[in-house]
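**Student:** Please find coords.txt (compact mmCIF, C-alpha atoms) on the next line:
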# COMPACT_ATOMS: atom_id res chain seq x y z
CA MET A 1398 18.55 -14.40 -14.67
CA LYS A 1399 16.79 -14.43 -17.96
CA LYS A 1400 15.11 -11.14 -18.90
CA PHE A 1401 12.06 -10.74 -21.10
CA LEU A 1402 9.33 -8.24 -21.63
CA LEU A 1403 6.22 -9.11 -19.69
CA ILE A 1404 3.39 -6.66 -19.04
CA ILE A 1405 0.81 -8.01 -16.64
CA PHE A 1406 -1.87 -6.43 -14.54
CA SER A 1407 -2.11 -7.82 -11.01
CA PHE A 1408 -4.93 -6.78 -8.70
CA ALA A 1409 -3.84 -8.49 -5.47
CA CYS A 1410 -0.30 -7.30 -4.79
CA PHE A 1411 1.10 -5.03 -2.12
CA THR A 1412 3.74 -2.35 -2.53
CA THR A 1413 4.99 0.61 -0.53
CA ILE A 1414 5.78 3.63 -2.72
CA ASN A 1415 7.62 6.75 -1.71
CA ALA A 1416 7.76 10.32 -2.93
CA ASN A 1417 10.47 11.72 -5.16
CA PRO A 1418 12.50 13.32 -2.33
CA LEU A 1419 13.54 9.87 -1.13
CA PRO A 1420 16.67 8.65 -2.92
CA SER A 1421 15.62 5.02 -3.33
CA PRO A 1422 12.58 2.73 -3.02
CA PRO A 1423 11.87 0.78 0.19
CA PRO A 1424 12.95 -2.85 0.66
CA ILE A 1425 10.91 -5.69 -0.80
CA ILE A 1426 11.08 -9.18 0.74
CA GLY A 1427 8.93 -11.99 -0.61
CA LEU A 1428 8.41 -15.67 -1.14
CA SER A 1429 10.44 -16.58 -4.20
CA GLU A 1430 9.97 -20.36 -4.12
CA ILE A 1431 8.67 -23.16 -1.89
CA GLY A 1432 9.07 -26.93 -2.05
CA PHE A 1433 8.37 -30.01 0.09
CA ASP A 1434 10.34 -33.23 0.49
CA SER A 1435 8.82 -36.71 0.59
CA ASP A 1436 8.20 -36.34 4.35
CA GLY A 1437 6.29 -33.09 3.90
CA LYS A 1438 9.06 -30.88 5.29
CA TRP A 1439 9.12 -27.46 3.68
CA VAL A 1440 11.88 -25.20 2.44
CA ILE A 1441 11.28 -21.60 1.41
CA GLU A 1442 13.43 -19.41 -0.77
CA LEU A 1443 13.06 -15.77 0.22
CA GLY A 1444 13.87 -13.13 -2.36
CA TYR A 1445 14.87 -9.62 -1.40
CA GLN A 1446 15.53 -6.37 -3.21
CA ASN A 1447 16.33 -2.75 -2.36
CA ILE A 1448 18.48 -3.72 0.63
CA TYR A 1449 20.90 -0.85 1.03
CA ASN A 1450 23.49 -0.10 3.68
CA GLU A 1451 21.80 -1.42 6.82
CA ASN A 1452 23.31 1.30 8.96
CA THR A 1453 22.11 4.25 6.91
CA TYR A 1454 18.98 3.56 4.86
CA MET A 1455 15.73 1.79 5.83
CA PRO A 1456 17.33 -1.14 7.69
CA VAL A 1457 15.23 -4.31 7.95
CA ASP A 1458 14.56 -5.21 11.58
CA SER A 1459 12.68 -8.51 11.27
CA ILE A 1460 11.12 -11.03 8.89
CA PHE A 1461 8.22 -13.36 9.68
CA ILE A 1462 6.92 -16.39 7.78
CA CYS A 1463 3.14 -16.58 8.18
CA SER A 1464 0.93 -19.60 7.45
CA SER A 1465 -2.69 -20.40 8.24
CA THR A 1466 -1.64 -21.80 11.63
CA GLY A 1467 0.62 -18.99 12.86
CA ARG A 1468 3.73 -16.93 12.27
CA ALA A 1469 7.39 -17.36 13.15
CA ARG A 1470 10.32 -14.97 13.08
CA LEU A 1471 13.66 -15.60 11.39
CA LYS A 1472 16.57 -16.00 13.77
CA ASN A 1473 19.10 -14.23 11.61
CA LEU A 1474 18.92 -11.85 8.66
CA ARG A 1475 21.48 -12.74 6.01
CA PHE A 1476 21.43 -10.17 3.21
CA GLU A 1477 24.27 -10.44 0.75
CA GLY A 1478 24.18 -7.24 -1.20
CA TYR A 1479 21.41 -5.15 -2.69
CA ALA A 1480 19.31 -8.11 -3.87
CA GLY A 1481 19.35 -11.90 -3.78
CA VAL A 1482 17.80 -15.00 -2.22
CA MET A 1483 18.11 -16.92 1.06
CA LEU A 1484 16.84 -20.35 2.09
CA VAL A 1485 14.64 -20.74 5.16
CA ARG A 1486 13.70 -23.96 6.97
CA ASN A 1487 12.05 -24.61 10.30
CA ASP A 1488 15.40 -24.54 12.07
CA SER A 1489 15.91 -21.02 10.66
CA LEU A 1490 13.01 -19.75 12.81
CA LEU A 1491 12.68 -18.85 16.46
CA SER A 1492 9.63 -21.14 16.75
CA ASN A 1493 8.21 -24.08 14.84
CA LEU A 1494 5.93 -23.24 11.91
CA ILE A 1495 3.57 -25.72 10.29
CA ILE A 1496 2.94 -25.37 6.56
CA ASN A 1497 0.47 -27.92 5.22
CA PRO A 1498 1.87 -29.53 2.04
CA THR A 1499 -1.67 -30.34 0.83
CA GLY A 1500 -2.74 -26.70 0.90
CA ASP A 1501 -2.04 -23.52 2.83
CA SER A 1502 -1.85 -19.73 2.69
CA ILE A 1503 1.60 -18.21 3.15
CA GLN A 1504 2.64 -14.60 3.45
CA ILE A 1505 5.94 -12.88 4.17
CA GLU A 1506 5.80 -10.05 6.71
CA TYR A 1507 8.78 -7.79 7.27
CA HIS A 1508 9.53 -4.66 9.26
CA TYR A 1509 11.97 -1.90 8.43
CA ARG A 1510 12.77 1.50 9.87
CA GLN A 1511 11.61 4.49 7.85
CA TYR A 1512 12.21 7.96 9.22
CA SER A 1513 11.63 7.69 12.97
CA SER A 1514 9.09 4.86 12.86
CA THR A 1515 8.89 1.21 11.87
CA THR A 1516 7.01 0.29 8.69
CA LYS A 1517 5.48 -3.12 8.00
CA GLY A 1518 5.61 -4.70 4.56
CA LEU A 1519 3.45 -7.59 3.36
CA TYR A 1520 4.37 -9.47 0.21
CA THR A 1521 1.85 -11.03 -2.17
CA PRO A 1522 0.28 -14.03 -0.36
CA LEU A 1523 0.67 -17.50 -1.84
CA VAL A 1524 -2.43 -19.72 -1.65
CA PHE A 1525 -2.17 -23.28 -2.98
CA GLY A 1526 -3.59 -26.80 -2.88
CA ASP A 1527 -6.92 -27.44 -1.19
CA PHE A 1528 -6.90 -24.11 0.68
CA LYS A 1529 -9.84 -21.77 -0.01
CA ASN A 1530 -9.56 -19.74 -3.25
CA ALA A 1531 -6.32 -21.45 -4.29
CA THR A 1532 -5.40 -21.29 -7.98
CA LEU A 1533 -2.27 -23.48 -7.69
CA ALA A 1534 -1.96 -27.21 -7.22
CA CYS A 1535 0.17 -28.71 -4.45
CA PRO A 1536 3.83 -28.90 -5.42
CA GLN A 1537 4.68 -32.60 -5.64
CA THR A 1538 8.07 -33.95 -4.64
CA GLY A 1539 10.61 -32.79 -7.21
CA LYS A 1540 8.50 -29.74 -8.10
CA SER A 1541 8.00 -26.37 -6.46
CA ILE A 1542 5.90 -23.23 -6.57
CA ALA A 1543 8.02 -20.34 -7.80
CA SER A 1544 7.53 -16.61 -8.24
CA TYR A 1545 8.37 -14.87 -11.50
CA PHE A 1546 9.11 -11.58 -9.73
CA VAL A 1547 12.70 -10.63 -10.55
CA PHE A 1548 14.83 -9.95 -7.47
CA ASN A 1549 17.46 -8.41 -9.68
CA ASN A 1550 20.93 -8.11 -8.15
CA THR A 1551 22.53 -6.69 -11.30
CA SER A 1552 21.30 -3.12 -10.92
CA HIS A 1553 19.68 -0.78 -8.41
CA ASN A 1554 16.63 -0.08 -10.55
CA PHE A 1555 13.21 -0.77 -9.04
CA THR A 1556 11.54 -3.84 -10.53
CA PRO A 1557 7.76 -3.35 -10.15
CA ILE A 1558 6.11 -5.93 -7.93
CA PHE A 1559 3.12 -6.15 -10.29
CA ALA A 1560 5.32 -8.50 -12.33
CA ASN A 1561 4.83 -11.20 -9.68
CA VAL A 1562 3.23 -14.47 -10.82
CA TYR A 1563 3.21 -17.67 -8.76
CA SER A 1564 3.51 -20.79 -10.89
CA ILE A 1565 4.06 -24.54 -10.60
CA ASP A 1566 7.73 -25.19 -11.43
CA LYS A 1567 8.96 -28.57 -12.72
CA SER A 1568 12.57 -27.37 -12.56
CA PRO A 1569 13.09 -26.08 -9.00
CA THR A 1570 16.04 -23.76 -8.41
CA LEU A 1571 15.91 -23.41 -4.62
CA GLY A 1572 18.83 -21.30 -3.49
CA VAL A 1573 19.35 -19.79 -6.95
CA GLU A 1574 17.47 -16.88 -8.54
CA ASN A 1575 14.49 -18.13 -10.53
CA ASP A 1576 14.20 -18.32 -14.28
CA THR A 1577 11.12 -19.42 -16.21
CA THR A 1578 12.36 -22.90 -17.12
CA GLY A 1579 9.71 -25.43 -16.11
CA MET A 1580 7.15 -22.78 -15.16
CA CYS A 1581 5.15 -22.37 -18.37
CA GLY A 1582 2.91 -24.16 -20.79
CA THR A 1583 1.47 -22.93 -24.08
CA LEU A 1584 -1.93 -21.42 -24.84
CA LYS A 1585 -3.01 -21.62 -28.49
CA GLY A 1586 -6.05 -20.82 -30.56
CA LYS A 1587 -7.62 -18.22 -32.81
CA ILE A 1588 -8.68 -14.65 -32.06
CA TYR A 1589 -12.04 -13.38 -33.35
CA ASP A 1590 -13.03 -9.72 -33.51
CA GLN A 1591 -16.31 -8.11 -32.44
CA ASN A 1592 -17.97 -9.28 -35.66
CA ASN A 1593 -16.87 -12.88 -35.00
CA GLN A 1594 -14.35 -12.64 -37.83
CA LEU A 1595 -10.75 -13.76 -37.51
CA LEU A 1596 -8.53 -10.92 -36.31
CA ILE A 1597 -6.09 -10.99 -39.21
CA ASN A 1598 -3.01 -8.84 -39.78
CA SER A 1599 -3.14 -7.32 -36.29
CA THR A 1600 -0.11 -5.26 -35.33
CA HIS A 1601 -0.89 -4.95 -31.62
CA ASP A 1602 0.82 -6.70 -28.73
CA PHE A 1603 -1.73 -8.19 -26.33
CA SER A 1604 -1.07 -8.73 -22.65
CA THR A 1605 -2.86 -9.84 -19.51
CA TYR A 1606 -2.10 -11.42 -16.16
CA GLY A 1607 -0.25 -14.73 -16.36
CA LEU A 1608 0.63 -14.55 -20.06
CA PHE A 1609 3.64 -13.30 -21.92
CA ASN A 1610 3.04 -10.47 -24.37
CA PHE A 1611 1.88 -11.86 -27.70
CA LYS A 1612 0.96 -10.72 -31.18
CA PRO A 1613 -1.53 -12.68 -33.31
CA SER A 1614 -0.25 -14.27 -36.51
CA PRO A 1615 -1.43 -12.73 -39.78
CA ASP A 1616 -4.03 -15.51 -40.15
CA GLY A 1617 -5.64 -14.69 -36.78
CA SER A 1618 -4.12 -17.52 -34.78
CA TYR A 1619 -2.01 -17.06 -31.67
CA SER A 1620 0.41 -18.99 -29.49
CA VAL A 1621 1.64 -17.66 -26.15
CA LYS A 1622 3.55 -18.93 -23.13
CA ALA A 1623 1.36 -19.06 -20.01
CA PHE A 1624 2.37 -19.54 -16.40
CA SER A 1625 1.17 -22.70 -14.68
CA PHE A 1626 -1.84 -21.96 -12.49
CA LYS A 1627 -5.62 -21.91 -12.77
CA ASN A 1628 -6.44 -18.73 -14.65
CA ARG A 1629 -9.60 -16.94 -15.70
CA ILE A 1630 -9.28 -14.10 -18.21
CA SER A 1631 -12.04 -11.65 -19.12
CA LYS A 1632 -9.93 -8.65 -20.12
CA MET A 1633 -6.80 -8.10 -22.15
CA TYR A 1634 -4.80 -4.99 -22.86
CA TYR A 1635 -2.81 -3.64 -25.73
CA SER A 1636 -1.10 -0.42 -26.55
CA GLU A 1637 -0.16 1.47 -29.68
CA GLY A 1638 2.44 4.10 -28.90
CA TYR A 1639 0.97 6.05 -25.97
CA ASN A 1640 -2.57 4.84 -26.67
CA ASN A 1641 -3.83 2.20 -24.22
CA PHE A 1642 -6.77 -0.06 -24.95
CA ILE A 1643 -8.91 -2.29 -22.76
CA VAL A 1644 -10.22 -5.39 -24.54
CA ASP A 1645 -13.21 -7.23 -23.05
CA ILE A 1646 -13.30 -10.85 -24.17
CA LEU A 1647 -15.68 -13.74 -23.70
CA PRO A 1648 -14.23 -15.15 -20.44
CA ILE A 1649 -11.87 -18.09 -20.83
CA GLU A 1650 -10.71 -20.47 -18.09
CA PHE A 1651 -7.85 -22.96 -18.12
CA ASN A 1652 -5.64 -24.81 -15.66
CA MET A 1653 -2.14 -24.68 -17.12
CA MET A 1654 0.65 -27.04 -16.12
CA PRO A 1655 4.32 -26.90 -17.17
CA TYR A 1656 4.94 -27.95 -20.79
CA SER A 1657 1.21 -28.50 -21.41
CA VAL A 1658 -0.54 -27.20 -24.52
CA ILE A 1659 -4.12 -25.92 -24.18
CA PHE A 1660 -6.26 -24.77 -27.10
CA VAL A 1661 -8.65 -21.87 -26.40
CA ASP A 1662 -10.18 -19.42 -28.87
CA VAL A 1663 -10.43 -15.76 -27.88
CA HIS A 1664 -13.59 -13.84 -28.80
CA ILE A 1665 -13.36 -10.04 -28.47
CA GLN A 1666 -16.55 -8.44 -27.17
CA LYS A 1667 -15.53 -4.79 -26.81
CA ILE A 1668 -12.48 -2.56 -27.32
CA THR A 1669 -12.19 0.71 -25.44
CA ALA A 1670 -9.42 3.28 -25.78
CA VAL A 1671 -8.52 4.56 -22.34
CA ASP A 1672 -8.73 8.12 -23.68
CA GLU A 1673 -12.36 7.49 -24.64
CA ILE A 1674 -13.57 6.50 -21.19
CA LYS A 1675 -16.31 9.00 -20.37
CA SER A 1676 -17.15 8.11 -16.77
CA ASP A 1677 -16.53 10.52 -13.88
CA LEU A 1678 -12.81 11.11 -13.38
CA VAL A 1679 -13.14 10.56 -9.66
CA THR A 1680 -14.09 6.90 -10.24
CA MET A 1681 -10.71 6.29 -11.88
CA LEU A 1682 -8.95 6.86 -8.54
CA GLN A 1683 -10.13 5.67 -5.15
CA VAL A 1684 -8.34 5.78 -1.80
CA SER A 1685 -9.03 4.45 1.68
CA PRO A 1686 -9.23 5.37 4.45
CA ASN A 1687 -10.29 8.97 4.07
CA PRO A 1688 -9.67 10.82 6.42
CA ILE A 1689 -6.13 9.43 6.67
CA THR A 1690 -5.09 8.83 10.27
CA ASP A 1691 -1.76 6.97 10.11
CA LEU A 1692 0.05 8.76 7.25
CA SER A 1693 -0.66 5.94 4.81
CA PHE A 1694 -3.48 5.06 2.46
CA LYS A 1695 -4.43 2.38 -0.03
CA TYR A 1696 -5.26 3.36 -3.59
CA GLU A 1697 -7.08 1.67 -6.46
CA VAL A 1698 -6.83 2.77 -10.09
CA SER A 1699 -9.33 1.48 -12.65
CA ILE A 1700 -7.22 2.03 -15.79
CA PRO A 1701 -3.92 0.41 -16.84
CA VAL A 1702 -0.82 2.08 -15.46
CA LYS A 1703 2.83 1.95 -16.49
CA SER A 1704 5.85 2.06 -14.21
CA SER A 1705 7.55 4.85 -16.18
CA ASP A 1706 4.76 7.40 -16.62
CA SER A 1707 2.01 6.89 -14.04
CA TYR A 1708 1.81 9.00 -10.88
CA ILE A 1709 -0.41 10.08 -8.03
CA GLU A 1710 0.23 13.71 -7.19
CA MET A 1711 -0.58 15.38 -3.89
CA ILE A 1712 -1.58 19.04 -4.23
CA SER A 1713 -2.24 21.66 -1.57
CA LEU A 1714 -5.38 23.79 -1.42
CA SER A 1715 -3.39 26.62 -2.99
CA GLY A 1716 -2.63 24.43 -6.01
CA GLN A 1717 1.01 23.72 -5.15
CA ARG A 1718 2.29 20.22 -5.88
CA ILE A 1719 3.52 18.82 -2.57
CA MET A 1720 4.60 15.31 -3.55
CA GLN A 1721 4.51 12.95 -6.51
CA PHE A 1722 4.33 9.17 -6.11
CA PRO A 1723 5.19 6.89 -9.06
CA ILE A 1724 2.77 3.95 -9.24
CA THR A 1725 3.43 0.63 -10.93
CA GLU A 1726 0.23 -1.32 -10.28
CA ASN A 1727 -3.51 -0.82 -10.09
CA ILE A 1728 -3.78 -1.50 -6.36
CA GLY A 1729 -1.18 -0.48 -3.80
CA LYS A 1730 -0.29 1.48 -0.70
CA ILE A 1731 1.42 4.84 -0.26
CA ASN A 1732 3.24 5.94 2.87
CA LEU A 1733 3.40 9.68 3.47
CA PRO A 1734 6.48 11.31 5.02
CA ALA A 1735 6.43 11.69 8.79
CA ASN A 1736 6.50 15.48 8.48
CA THR A 1737 3.29 15.68 6.40
CA THR A 1738 1.03 18.29 7.99
CA LYS A 1739 -2.65 17.84 8.74
CA GLY A 1740 -5.14 19.38 6.35
CA VAL A 1741 -7.11 18.97 3.13
CA TYR A 1742 -5.31 18.03 -0.08
CA THR A 1743 -6.14 17.02 -3.64
CA LEU A 1744 -4.90 13.78 -5.18
CA ARG A 1745 -4.51 13.67 -8.95
CA LEU A 1746 -3.97 10.58 -11.12
CA LEU A 1747 -1.64 11.20 -14.07
CA VAL A 1748 -1.03 8.65 -16.83
CA ASN A 1749 1.07 9.70 -19.82
CA ASN A 1750 0.81 13.30 -18.61
CA LYS A 1751 -3.01 13.25 -18.73
CA ASN A 1752 -5.26 13.74 -15.72
CA TYR A 1753 -7.53 10.71 -15.19
CA GLY A 1754 -8.85 11.42 -11.72
CA THR A 1755 -8.91 13.93 -8.87
CA LEU A 1756 -10.33 13.68 -5.36
CA LYS A 1757 -10.09 15.42 -2.01
CA ILE A 1758 -8.42 13.78 0.98
CA ILE A 1759 -8.15 14.79 4.62
CA ILE A 1760 -4.99 14.07 6.59
CA ALA A 1761 -5.96 13.90 10.23
CA GLY A 1762 -2.52 12.98 11.59
CA LYS A 1763 -1.43 9.86 13.46
Could you quickly redo this structure as structure tokens?
**Tutor:**
Amino acid sequence: MKKFLLIIFSFACFTTINANPLPSPPPIIGLSEIGFDSDGKWVIELGYQNIYNENTYMPVDSIFICSSTGRARLKNLRFEGYAGVMLVRNDSLLSNLIINPTGDSIQIEYHYRQYSSTTKGLYTPLVFGDFKNATLACPQTGKSIASYFVFNNTSHNFTPIFANVYSIDKSPTLGVENDTTGMCGTLKGKIYDQNNQLLINSTHDFSTYGLFNFKPSPDGSYSVKAFSFKNRISKMYYSEGYNNFIVDILPIEFNMMPYSVIFVDVHIQKITAVDEIKSDLVTMLQVSPNPITDLSFKYEVSIPVKSSDSYIEMISLSGQRIMQFPITENIGKINLPANTTKGVYTLRLLVNNKNYGTLKIIIAGK
């Protein structure tokens, strides 16, 4: 599969993250691609990653395909190695499942054993067509909706799920790992600074959800590949070394389709260095529920994070670091080990070795 550098910030994805003592991340199973034939019959390509020896490490017990009308379980689980794809049709399920080709909401639910209990995973939902809040058109015959997320079977390194983008694909590859061919159009225009002057000679790489990284040309113009869905952008991000910046722009909206070219100018309204944010540190990190009753909690971080140097630490009342959880997206879920004791703890958000948030949590047990 083709590899490229893409930094995007997704605020609607799910992930389960584990502490350092665990040797490997938990399994991820998601919708990699979906298409319909001329009769409206569907076929789904499931992608999977982090599937280790089923007899020794977090074995997957079941997979369900969920639509707006119900859910159905796969008859057989066919994992071929650590990562890959598998095709699913109605005859692959224990019961019939209706997926409306004119618009639906689809989610992959899977269950795997972790410690002595079963953990449920939910992959990023796909909403398309005339379904409420959809940002993707219906995939016509000969096209599909595909996920960019890389189910990489070439190494055992964790690929962060925040890289997921659903896009219309004019070059379906059902049954084969996705590439970006047929998934992107081009966004072009000029970038203006806060004084409404062309942003010339910029050396920064910009990024935001649904776009490749891009650097403006010396004359202030830009051209960037964009995934094919209805997108609204009000913030961008760029970094210089370890310095992260949040860029507020005059909101832009566009409905990209494969191989299309759309011209949109970008007007910067405000640039803020993350280090300069003066608001209360606690607001940078939020968790729910609190107290924690089932050894898991959802978190939300209000600053950009990076997969290599962003963590949530759990600290005891005596100041001892109990666990450290690497985070790779702004919204996610953390499962605590089964042997975590009840009590009061402090959570600390660390980005590039700097503390951006602390708060107290109560673990009340199961």
**Student:** Any idea what the distance is between atom CA of Leu1692 of chain A and atom CA of Ile1505 of chain A?
**Tutor:**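 Rounded to one decimal, the two atoms are 22.6 Å apart.
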**Student:** For Asp1706 of chain A, which of A:Ala1531, A:Ala1480, A:Val1748, A:Ile1431 is the closest residue, counting only C-alpha atoms?
**Tutor:** A:Val1748
**Student:** Give as JSON, numbers by chain each residue that has an atom at most 12 Å from (1.2, -29.9, 4.2) in the file, counting only C-alpha atoms.
**Tutor:** {"A": [1431, 1432, 1433, 1434, 1435, 1436, 1437, 1438, 1439, 1440, 1464, 1465, 1466, 1494, 1495, 1496, 1497, 1498, 1499, 1500, 1501, 1502, 1503, 1525, 1526, 1527, 1528, 1535, 1536, 1537, 1538]}
**Student:** Can you work out which one of A:Ile1646, A:Ile1441, A:Cys1463, A:Ile1588 has the shortest atom-to-atom distance to Leu1571 of chain A, counting all atoms listed in the file?
**Tutor:** A:Ile1441
**Student:** In Å, with one decimal, what is the gap from atom CA of Phe1609 of chain A to atom CA of Ile1542 of chain A?
**Tutor:** 18.4 Å
**Student:** Using all atoms listed in the file, which residue out of A:Tyr1619, A:Phe1461, A:Tyr1634, A:Phe1642 lies closest to Val1485 of chain A?
**Tutor:**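 For Val1485 of chain A, the nearest of the candidates is A:Phe1461.
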**Student:** Quick one: distance from atom CA of Asn1736 of chain A to atom CA of Asn1749 of chain A in Å, one decimal?
**Tutor:**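 Atom CA of Asn1736 of chain A sits 29.4 Å away from atom CA of Asn1749 of chain A.
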**Student:** Give as an MDAnalysis selection string the set of residues within 6 Å of the point (11.1, -20.2, -2.2), where distances use the file's coordinates and all atoms listed in the file.
**Tutor:** chainID A and resid 1428:1431 1441:1443
**Student:** I'd like to know which of A:Gly1579, A:Gly1427, A:Gly1716, A:Gly1444 is closest to Thr1521 of chain A, using only C-alpha atoms.
**Tutor:** A:Gly1427
